[in-house]
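*Asks:* Structure in structure tokens, see below.
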Amino acid sequence: MKSLWTPILAVAAAAGLTGCGEQTDGKKAAETNAATTSPMTAPADYLGALDKAQKTAGKVTEVASINQAIQTFKVDHDRFPKDLNELVQEKYLPQVPAAPYGMKLVYDASTGKVKVIRQ
């Protein structure tokens with residue numbers, strides 16, 4: 001009988017020791033997760049991310065259309081436009097697109113590049 005209990009005690013001791021060691025503070029983990037997301041704010045977080053993605057997509061699309069107009073202007077006139085308003089005057093764009101809130105369009109006439117930067 002002595003030999004039967006030895007393996008059982010060894011397994012029980014190993015299982016007991018497995019739980020020992022450095023433990024993380026459950027409160028800290030919960031506070032970190034609560035600060036970033038929670039089930040109560042998930043819908044608002046999702047809608048905020050969706051709105052941000054939509055603004056970013058719009059900004060990329062506007063810059064792409066401006067860059068296309070600049071390249072077409074360059075092919076036709078063998079130079080870059082002096083400013084973005086020249087693209088409107090020459091009918092390459094219906095109007096200069098408005099930059100998203102807190103941002104502005106910056107055009108470099110020497111390179112023909114348009115950037116959207118923070119104000």
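Labels used: A, B, ... for chains in the order of the structure tokens, numbers from 1 for residues in each chain, and numbers from 1 for ligands as shown.
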Please provide the set of residues having any atom within 10 Å of A:Val116, restricted to only C-alpha atoms, with same-chain residues fewer than 4 positions apart removed, written as a CSV table (one decimal) with all heavy atoms, in the first residue's frame.

*Replies:*
chain,number,residue,atom,x,y,z
A,59,LYS,N,-9.8,61.9,-45.8
A,59,LYS,CA,-8.6,62.7,-46.0
A,59,LYS,C,-7.7,62.1,-47.1
A,59,LYS,O,-7.2,62.8,-47.9
A,59,LYS,CB,-7.9,62.8,-44.6
A,59,LYS,CG,-6.6,63.5,-44.7
A,59,LYS,CD,-6.0,63.7,-43.3
A,59,LYS,CE,-5.9,62.5,-42.5
A,59,LYS,NZ,-5.2,62.6,-41.3
A,60,VAL,N,-7.6,60.8,-47.0
A,60,VAL,CA,-6.8,60.1,-48.0
A,60,VAL,C,-7.4,60.3,-49.4
A,60,VAL,O,-6.6,60.5,-50.4
A,60,VAL,CB,-6.6,58.6,-47.7
A,60,VAL,CG1,-6.0,57.8,-48.8
A,60,VAL,CG2,-5.8,58.5,-46.4
A,62,GLU,N,-9.3,62.7,-50.5
A,62,GLU,CA,-9.1,64.1,-51.0
A,62,GLU,C,-7.7,64.4,-51.4
A,62,GLU,O,-7.5,65.0,-52.5
A,62,GLU,CB,-9.5,65.1,-49.8
A,62,GLU,CG,-11.0,65.1,-49.6
A,62,GLU,CD,-11.4,65.9,-48.3
A,62,GLU,OE1,-10.5,66.5,-47.7
A,62,GLU,OE2,-12.6,65.9,-48.0
A,63,VAL,N,-6.7,63.9,-50.7
A,63,VAL,CA,-5.3,64.1,-51.1
A,63,VAL,C,-5.1,63.3,-52.4
A,63,VAL,O,-4.4,63.9,-53.3
A,63,VAL,CB,-4.4,63.6,-50.0
A,63,VAL,CG1,-3.0,63.6,-50.4
A,63,VAL,CG2,-4.5,64.5,-48.8
A,99,ALA,N,-9.7,70.9,-45.5
A,99,ALA,CA,-9.0,69.9,-44.7
A,99,ALA,C,-9.9,69.5,-43.5
A,99,ALA,O,-10.7,70.3,-43.1
A,99,ALA,CB,-7.7,70.6,-44.2
A,100,PRO,N,-9.7,68.4,-42.9
A,100,PRO,CA,-10.4,68.0,-41.7
A,100,PRO,C,-10.1,68.9,-40.6
A,100,PRO,O,-9.1,69.6,-40.6
A,100,PRO,CB,-9.9,66.6,-41.4
A,100,PRO,CG,-9.3,66.1,-42.7
A,100,PRO,CD,-8.8,67.3,-43.4
A,103,MET,N,-6.7,70.4,-39.0
A,103,MET,CA,-5.7,70.0,-40.0
A,103,MET,C,-5.6,71.1,-41.1
A,103,MET,O,-6.6,71.9,-41.2
A,103,MET,CB,-5.9,68.7,-40.7
A,103,MET,CG,-6.2,67.5,-39.7
A,103,MET,SD,-4.8,67.1,-38.7
A,103,MET,CE,-4.2,65.8,-39.7
A,104,LYS,N,-4.6,71.1,-41.9
A,104,LYS,CA,-4.5,72.0,-43.0
A,104,LYS,C,-3.8,71.3,-44.2
A,104,LYS,O,-3.0,70.4,-43.9
A,104,LYS,CB,-3.9,73.3,-42.7
A,104,LYS,CG,-2.4,73.2,-42.3
A,104,LYS,CD,-1.9,74.6,-42.0
A,104,LYS,CE,-0.4,74.5,-41.7
A,104,LYS,NZ,0.2,75.9,-41.5
A,105,LEU,N,-4.1,71.7,-45.4
A,105,LEU,CA,-3.4,71.2,-46.6
A,105,LEU,C,-2.2,72.1,-46.8
A,105,LEU,O,-2.3,73.3,-46.8
A,105,LEU,CB,-4.4,71.3,-47.8
A,105,LEU,CG,-5.6,70.4,-47.8
A,105,LEU,CD1,-6.5,70.7,-49.0
A,105,LEU,CD2,-5.2,68.9,-47.8
A,106,VAL,N,-1.1,71.4,-47.1
A,106,VAL,CA,0.1,72.1,-47.4
A,106,VAL,C,0.6,71.6,-48.7
A,106,VAL,O,0.8,70.4,-49.0
A,106,VAL,CB,1.2,71.9,-46.3
A,106,VAL,CG1,2.5,72.5,-46.7
A,106,VAL,CG2,0.8,72.3,-45.0
A,107,TYR,N,0.8,72.6,-49.7
A,107,TYR,CA,1.2,72.3,-51.0
A,107,TYR,C,2.6,72.8,-51.3
A,107,TYR,O,2.9,74.0,-51.0
A,107,TYR,CB,0.2,72.9,-52.0
A,107,TYR,CG,0.6,72.7,-53.5
A,107,TYR,CD1,0.8,71.5,-54.1
A,107,TYR,CD2,0.9,73.8,-54.2
A,107,TYR,CE1,1.2,71.4,-55.4
A,107,TYR,CE2,1.3,73.7,-55.5
A,107,TYR,CZ,1.5,72.5,-56.1
A,107,TYR,OH,1.9,72.4,-57.4

*Asks:* As an exercise, work out the distance from atom CA of A:Asn67 to atom CA of A:Gly48 in Å and give it to one decimal place.

*Replies:*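 Rounded to one decimal, the two atoms are 28.6 Å apart.
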
*Asks:* What's around A:Phe73 at 12 Å? Count only C-alpha atoms, leave out sequence neighbours fewer than 2 positions away in its own chain, and write the answer as a PyMOL selection string.

*Replies:* chain A and resi 66-71+75-84+86-93+112

*Asks:* Would you export the selected residues with C-alpha atoms as a compact mmCIF listing (two decimals), in the first residue's frame, please?

*Replies:*
# COMPACT_ATOMS: atom_id res chain seq x y z
CA ILE A 66 -5.66 66.60 -55.48
CA ASN A 67 -2.52 64.64 -56.42
CA GLN A 68 -4.23 63.27 -59.51
CA ALA A 69 -5.26 66.80 -60.55
CA ILE A 70 -1.69 68.03 -59.97
CA GLN A 71 -0.24 65.26 -62.15
CA VAL A 75 1.23 66.68 -68.09
CA ASP A 76 -0.85 69.40 -69.76
CA HIS A 77 1.29 72.43 -68.77
CA ASP A 78 4.73 70.84 -68.26
CA ARG A 79 4.96 72.36 -64.76
CA PHE A 80 3.34 72.06 -61.37
CA PRO A 81 0.58 74.53 -60.47
CA LYS A 82 1.66 77.60 -58.49
CA ASP A 83 -0.95 76.85 -55.84
CA LEU A 84 -4.05 74.71 -55.36
CA GLU A 86 -4.78 77.33 -59.94
CA LEU A 87 -6.19 73.82 -60.20
CA VAL A 88 -9.66 75.26 -59.61
CA GLN A 89 -9.15 78.15 -62.06
CA GLU A 90 -8.00 75.75 -64.77
CA LYS A 91 -10.94 73.38 -64.03
CA TYR A 92 -8.86 70.45 -62.79
CA LEU A 93 -10.78 70.53 -59.50
CA GLY A 112 3.97 69.01 -56.56

*Asks:* Out of stretch 79-114 of chain A, which residues get strand (DSSP E or B) from DSSP, as a PyMOL selection string?

*Replies:* chain A and resi 103-108+113-114

*Asks:* Could those selected residues go to a file with N, CA and C atoms, as a tab-separated table (two decimals), in the first residue's frame?

*Replies:*
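In the end it all went to again.tsv:
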chain	number	residue	atom	x	y	z
A	103	MET	N	-6.72	70.35	-39.04
A	103	MET	CA	-5.67	70.02	-40.00
A	103	MET	C	-5.64	71.10	-41.08
A	104	LYS	N	-4.58	71.08	-41.88
A	104	LYS	CA	-4.53	71.98	-43.02
A	104	LYS	C	-3.77	71.31	-44.15
A	105	LEU	N	-4.11	71.72	-45.38
A	105	LEU	CA	-3.43	71.22	-46.56
A	105	LEU	C	-2.20	72.07	-46.82
A	106	VAL	N	-1.08	71.42	-47.06
A	106	VAL	CA	0.15	72.13	-47.38
A	106	VAL	C	0.61	71.65	-48.74
A	107	TYR	N	0.78	72.60	-49.67
A	107	TYR	CA	1.19	72.27	-51.03
A	107	TYR	C	2.58	72.82	-51.29
A	108	ASP	N	3.46	71.97	-51.82
A	108	ASP	CA	4.81	72.38	-52.19
A	108	ASP	C	4.85	72.45	-53.72
A	113	LYS	N	3.77	68.15	-54.30
A	113	LYS	CA	3.25	67.27	-53.25
A	113	LYS	C	2.30	68.01	-52.33
A	114	VAL	N	1.24	67.32	-51.93
A	114	VAL	CA	0.26	67.84	-50.98
A	114	VAL	C	0.31	66.99	-49.73
